Every structure is written in structure tokens, then in C-alpha cells.
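See below for data-v6.pdb, which holds PDB, C-alpha atoms and all ligand atoms.
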```
ATOM      1  CA  MET A   1     -10.826  23.069  20.255
ATOM      2  CA  ARG A   2      -9.438  26.566  19.900
ATOM      3  CA  ILE A   3      -7.362  28.723  22.245
ATOM      4  CA  GLY A   4      -7.811  32.433  22.951
ATOM      5  CA  PHE A   5      -5.760  35.047  24.765
ATOM      6  CA  GLY A   6      -6.704  38.403  26.258
ATOM      7  CA  PHE A   7      -4.873  41.242  28.003
ATOM      8  CA  ASP A   8      -6.081  44.513  29.465
ATOM      9  CA  VAL A   9      -4.915  47.422  31.614
ATOM     10  CA  HIS A  10      -6.812  50.172  33.394
ATOM     11  CA  ARG A  11      -5.523  53.102  35.379
ATOM     12  CA  LEU A  12      -6.206  53.356  39.141
ATOM     13  CA  VAL A  13      -7.630  56.689  40.247
ATOM     14  CA  GLU A  14      -9.337  58.258  43.224
ATOM     15  CA  GLY A  15     -13.090  58.668  43.252
ATOM     16  CA  ARG A  16     -14.001  55.514  41.339
ATOM     17  CA  ASP A  17     -15.390  52.204  42.589
ATOM     18  CA  LEU A  18     -13.131  49.193  42.105
ATOM     19  CA  TRP A  19     -14.899  46.544  40.031
ATOM     20  CA  LEU A  20     -12.900  43.389  39.431
ATOM     21  CA  GLY A  21     -14.115  40.004  38.278
ATOM     22  CA  GLY A  22     -17.700  41.224  38.364
ATOM     23  CA  ILE A  23     -17.690  42.200  42.024
ATOM     24  CA  LYS A  24     -17.155  45.497  43.829
ATOM     25  CA  ILE A  25     -14.100  45.497  46.077
ATOM     26  CA  ASP A  26     -13.620  47.949  48.891
ATOM     27  CA  HIS A  27     -10.490  50.008  48.124
ATOM     28  CA  CYS A  28      -9.339  53.640  48.221
ATOM     29  CA  LEU A  29      -8.821  53.677  44.416
ATOM     30  CA  GLY A  30     -10.882  52.450  41.487
ATOM     31  CA  LEU A  31     -10.233  51.671  37.837
ATOM     32  CA  LEU A  32     -10.802  54.417  35.272
ATOM     33  CA  GLY A  33     -12.593  53.666  32.023
ATOM     34  CA  HIS A  34     -15.573  54.332  29.814
ATOM     35  CA  SER A  35     -17.367  51.311  31.295
ATOM     36  CA  ASP A  36     -16.956  50.121  34.899
ATOM     37  CA  ALA A  37     -13.368  49.311  33.764
ATOM     38  CA  ASP A  38     -13.427  45.732  35.064
ATOM     39  CA  VAL A  39     -10.016  44.808  33.712
ATOM     40  CA  LEU A  40     -10.395  41.070  34.416
ATOM     41  CA  ILE A  41     -13.695  40.790  32.575
ATOM     42  CA  HIS A  42     -12.253  42.729  29.644
ATOM     43  CA  ALA A  43      -9.282  40.340  29.384
ATOM     44  CA  ILE A  44     -11.659  37.366  29.508
ATOM     45  CA  CYS A  45     -13.880  38.914  26.821
ATOM     46  CA  ASP A  46     -10.865  39.354  24.546
ATOM     47  CA  ALA A  47      -9.723  35.772  25.170
ATOM     48  CA  LEU A  48     -13.169  34.431  24.243
ATOM     49  CA  LEU A  49     -13.466  36.657  21.173
ATOM     50  CA  GLY A  50      -9.931  35.743  20.141
ATOM     51  CA  ALA A  51     -10.643  32.026  20.407
ATOM     52  CA  ALA A  52     -13.582  32.495  18.046
ATOM     53  CA  ASN A  53     -11.582  34.880  15.798
ATOM     54  CA  MET A  54     -14.171  37.612  16.365
ATOM     55  CA  ARG A  55     -11.923  40.672  16.847
ATOM     56  CA  ASP A  56     -11.840  42.366  20.284
ATOM     57  CA  ILE A  57     -13.974  44.028  22.907
ATOM     58  CA  GLY A  58     -13.308  47.536  21.553
ATOM     59  CA  TYR A  59     -14.576  46.440  18.147
ATOM     60  CA  HIS A  60     -17.898  45.217  19.535
ATOM     61  CA  PHE A  61     -18.343  47.799  22.317
ATOM     62  CA  PRO A  62     -16.552  51.004  21.245
ATOM     63  CA  ASP A  63     -15.662  53.419  24.058
ATOM     64  CA  THR A  64     -17.051  56.239  21.919
ATOM     65  CA  ASP A  65     -20.538  54.703  22.162
ATOM     66  CA  PRO A  66     -22.611  56.397  24.894
ATOM     67  CA  ARG A  67     -24.514  53.103  25.392
ATOM     68  CA  PHE A  68     -21.430  51.683  27.113
ATOM     69  CA  LYS A  69     -20.685  54.683  29.351
ATOM     70  CA  GLY A  70     -20.514  53.336  32.905
ATOM     71  CA  ALA A  71     -21.566  49.933  31.556
ATOM     72  CA  ASP A  72     -21.538  46.919  33.835
ATOM     73  CA  SER A  73     -18.878  44.725  32.219
ATOM     74  CA  LYS A  74     -20.898  41.636  33.183
ATOM     75  CA  VAL A  75     -23.406  42.717  30.532
ATOM     76  CA  LEU A  76     -20.582  42.886  27.967
ATOM     77  CA  LEU A  77     -19.312  39.439  29.002
ATOM     78  CA  ARG A  78     -22.789  37.972  28.685
ATOM     79  CA  GLU A  79     -22.994  39.503  25.203
ATOM     80  CA  VAL A  80     -19.572  38.108  24.228
ATOM     81  CA  VAL A  81     -20.612  34.611  25.315
ATOM     82  CA  ALA A  82     -23.731  34.985  23.150
ATOM     83  CA  LEU A  83     -21.566  36.119  20.218
ATOM     84  CA  ILE A  84     -19.253  33.102  20.359
ATOM     85  CA  LYS A  85     -22.212  30.776  20.960
ATOM     86  CA  GLY A  86     -23.725  32.226  17.791
ATOM     87  CA  LYS A  87     -20.654  31.008  15.954
ATOM     88  CA  GLY A  88     -21.103  27.533  17.449
ATOM     89  CA  TYR A  89     -18.560  27.669  20.289
ATOM     90  CA  SER A  90     -18.954  26.756  23.940
ATOM     91  CA  ILE A  91     -16.473  27.532  26.706
ATOM     92  CA  GLY A  92     -14.108  24.789  27.802
ATOM     93  CA  ASN A  93     -12.196  26.620  30.504
ATOM     94  CA  ILE A  94     -10.708  29.994  31.363
ATOM     95  CA  ASP A  95      -7.480  30.688  33.219
ATOM     96  CA  ALA A  96      -6.766  34.283  34.231
ATOM     97  CA  THR A  97      -4.209  36.274  36.210
ATOM     98  CA  ILE A  98      -4.704  39.686  37.791
ATOM     99  CA  CYS A  99      -1.568  41.780  38.437
ATOM    100  CA  ALA A 100      -2.088  44.223  41.292
ATOM    101  CA  GLU A 101      -0.004  45.476  44.175
ATOM    102  CA  ARG A 102      -3.072  46.397  46.232
ATOM    103  CA  PRO A 103      -5.697  45.510  47.269
ATOM    104  CA  LYS A 104      -5.065  41.877  48.127
ATOM    105  CA  ILE A 105      -7.040  39.914  45.553
ATOM    106  CA  ASN A 106      -6.930  36.420  47.051
ATOM    107  CA  PRO A 107      -9.745  36.898  49.597
ATOM    108  CA  HIS A 108     -12.103  37.792  46.716
ATOM    109  CA  ILE A 109     -11.270  35.069  44.218
ATOM    110  CA  GLU A 110     -13.997  32.582  45.139
ATOM    111  CA  ARG A 111     -16.661  35.264  44.849
ATOM    112  CA  MET A 112     -15.279  36.353  41.446
ATOM    113  CA  GLN A 113     -15.280  32.752  40.202
ATOM    114  CA  ALA A 114     -18.881  32.220  41.276
ATOM    115  CA  CYS A 115     -19.975  35.527  39.755
ATOM    116  CA  LEU A 116     -18.229  35.063  36.403
ATOM    117  CA  ALA A 117     -19.301  31.434  36.087
ATOM    118  CA  GLU A 118     -22.904  32.503  36.615
ATOM    119  CA  VAL A 119     -22.623  35.269  34.005
ATOM    120  CA  MET A 120     -21.080  32.894  31.436
ATOM    121  CA  GLY A 121     -23.443  30.025  32.242
ATOM    122  CA  ILE A 122     -20.611  27.628  33.142
ATOM    123  CA  GLY A 123     -19.373  25.961  36.329
ATOM    124  CA  PRO A 124     -17.011  27.681  38.786
ATOM    125  CA  ASP A 125     -14.476  24.896  38.116
ATOM    126  CA  GLN A 126     -14.198  26.181  34.527
ATOM    127  CA  VAL A 127     -13.019  29.613  35.703
ATOM    128  CA  SER A 128      -9.558  29.830  37.249
ATOM    129  CA  ILE A 129      -8.546  33.227  38.629
ATOM    130  CA  LYS A 130      -5.082  33.859  39.963
ATOM    131  CA  ALA A 131      -3.441  36.963  41.387
ATOM    132  CA  THR A 132       0.087  38.242  41.602
ATOM    133  CA  THR A 133       1.917  41.410  42.462
ATOM    134  CA  THR A 134       4.730  42.598  40.231
ATOM    135  CA  GLU A 135       7.105  42.962  43.188
ATOM    136  CA  ARG A 136       6.555  46.752  43.258
ATOM    137  CA  LEU A 137       7.967  46.998  39.719
ATOM    138  CA  GLY A 138       6.367  48.861  36.833
ATOM    139  CA  PHE A 139       2.996  50.617  36.715
ATOM    140  CA  THR A 140       1.199  47.871  38.616
ATOM    141  CA  GLY A 141       3.915  47.887  41.254
ATOM    142  CA  ARG A 142       3.551  51.648  41.653
ATOM    143  CA  GLU A 143      -0.237  51.151  41.976
ATOM    144  CA  GLU A 144      -0.871  53.314  38.912
ATOM    145  CA  GLY A 145      -2.998  50.595  37.376
ATOM    146  CA  ILE A 146      -4.098  46.977  37.330
ATOM    147  CA  SER A 147      -3.529  44.546  34.470
ATOM    148  CA  ALA A 148      -5.099  41.192  33.690
ATOM    149  CA  TYR A 149      -4.291  38.302  31.394
ATOM    150  CA  ALA A 150      -6.644  35.505  30.379
ATOM    151  CA  VAL A 151      -6.500  32.420  28.208
ATOM    152  CA  CYS A 152      -9.418  30.220  27.307
ATOM    153  CA  LEU A 153     -10.324  27.124  25.393
ATOM    154  CA  VAL A 154     -13.510  26.960  23.382
ATOM    155  CA  GLU A 155     -14.973  23.839  21.814
TER     156      GLU A 155
HETATM  157 MG    MG E   1     -10.625  47.555  29.178
END
```

Go ahead and render the structure in this file as C-alpha cells.
Amino acid sequence: MRIGFGFDVHRLVEGRDLWLGGIKIDHCLGLLGHSDADVLIHAICDALLGAANMRDIGYHFPDTDPRFKGADSKVLLREVVALIKGKGYSIGNIDATICAERPKINPHIERMQACLAEVMGIGPDQVSIKATTTERLGFTGREEGISAYAVCLVE
């Protein structure tokens, strides 16, 4: 068994859709990025790649590559799972935390779990997603961005 860790941040701006955990959430701000900027998926991708010692998401999907402009991060996650599978690993479990002041994440967690499990070809019980605010402190507290952390085990 091997452990992996991932972390990501994206800026919140007006005029973008908010994609988080593979689903679109209704909110007045969205995350800015070259792809759909799904910060949770990106943290999970980095955790999986890290567990397999296969560098990071930016290495495999550079933000200078026009192929990934506006990319659905679910496609990247599916590709990452294929990459680690190619090295002989399967996913044990994932545990992730989203840090956001708004919107409230909890009502969306079950849908995110189901979506991400389906994309990774694992059961929803293997994907734990948690949410916290940062008590109005820092950039997440000021709603300038959203961050996400993820750890995983691969076997
Ligand atoms: Mg990112």
C-alpha cells in the first residue's frame, strides 16, 4: 500500500461556473483556471499521482496546452486513474476536504461522491469528501478562492 497527498487552490471570480467534485453548483462566483478549475478533482488527481510517484497534474496536463482549455476535470481524473492503473495500482480509498466560506458544500457532498466514484470506477464508500470554512480567515475566508486537500491509499 502507498499513500498520496494532494493540494490545490483556485481563485473565485464573477462570470464563471462553479464546478466542484465533478458537479456544477449554483453560485454567484466560479473558479478561475485553464480547465474547469475543479479544485477538488485537481487535489484528488495529485494525491493519486503522488501515491504512484508519477509527478503532478500540471506535469501531465500543462495549462499551456490548448487541449486542456476549458477541460472537464472529470476527463483528467479518468486519465489519472488510467495512468496509475498502468503502473499496477488500484485505489484503496480517498479522503478529501474542501475549504470554502460559501457556498455551503454539505448539501452537495453525496452527489459529488457518487459522481467521482463513477468517474474513478470505485464505490462511493471509497470516496470521503468533507467541507470546512476557515472561520472567515485568509483567502478562503474572504471568499477570494477555494482550496482542497486530498489523501489517498493505493494498493
Ligand atoms: Mg488546479

Next item on the list: Excluding A:Asp72 and residues on its chain fewer than 2 positions from it, collect all residues at most 6 Å away from it, counting only C-alpha atoms, and give them as a ChimeraX atom specification.
Entry: /A:36,74-75

Check: Mind listing the residues within 9 Å of ligand MG 1 (chain E), all atoms listed in the file counted, as an MDAnalysis selection string?
Finding: chainID A and resid 7:10 33:43 57:58

Item checked: Result set of the PyMOL selection byres (((chain A and resi 47-50) around 8) and not hetatm) on the coordinates above, as number ranges by chain -> A: 3-7, 43-46, 51-57, 80-81, 84, 150-154

Next item on the list: State, in Å with one decimal place, the distance from atom CA of A:Cys99 to atom CA of A:Gly145.
Entry: 9.0 Å

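Between atom CA of A:Ile105 and atom CA of A:Val13 the interatomic distance comes to 17.6 Å.
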
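This file gives the following result for the PyMOL selection byres (((chain A and resi 144) around 9) and not hetatm): His10, Arg11, Leu12, Val13, Gly138, Phe139, Thr140, Gly141, Arg142, Glu143, Gly145 and Ile146 of chain A.
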
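Nearest residue to A:Ser128 among A:Pro62, A:Gly30, A:Gly92, A:Gly86 is A:Gly92, counting only C-alpha atoms.
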
Next item on the list: Run the PyMOL selection byres (((chain A and resi 96) around 7) and not hetatm) mentally over the shown coordinates, then write out the matched residues as a VMD selection string, using the chain letters and numbers from the document.
Entry: chain A and resid 94 to 95 97 to 98 128 to 130 149 to 151

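Here atom CA of A:Thr133 is placed at a distance of 26.8 Å from atom CA of A:Leu76.
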
Item checked: Nearest residue to A:Arg136 from the set A:Arg67, A:Arg102, A:Arg2, A:His60 (distances using only C-alpha atoms) -> A:Arg102

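Closest approach to A:Asp26 from the set A:Lys85, A:Lys104, A:Asp63, A:Ala148 is made by A:Lys104, with distances taken over all atoms listed in the file.
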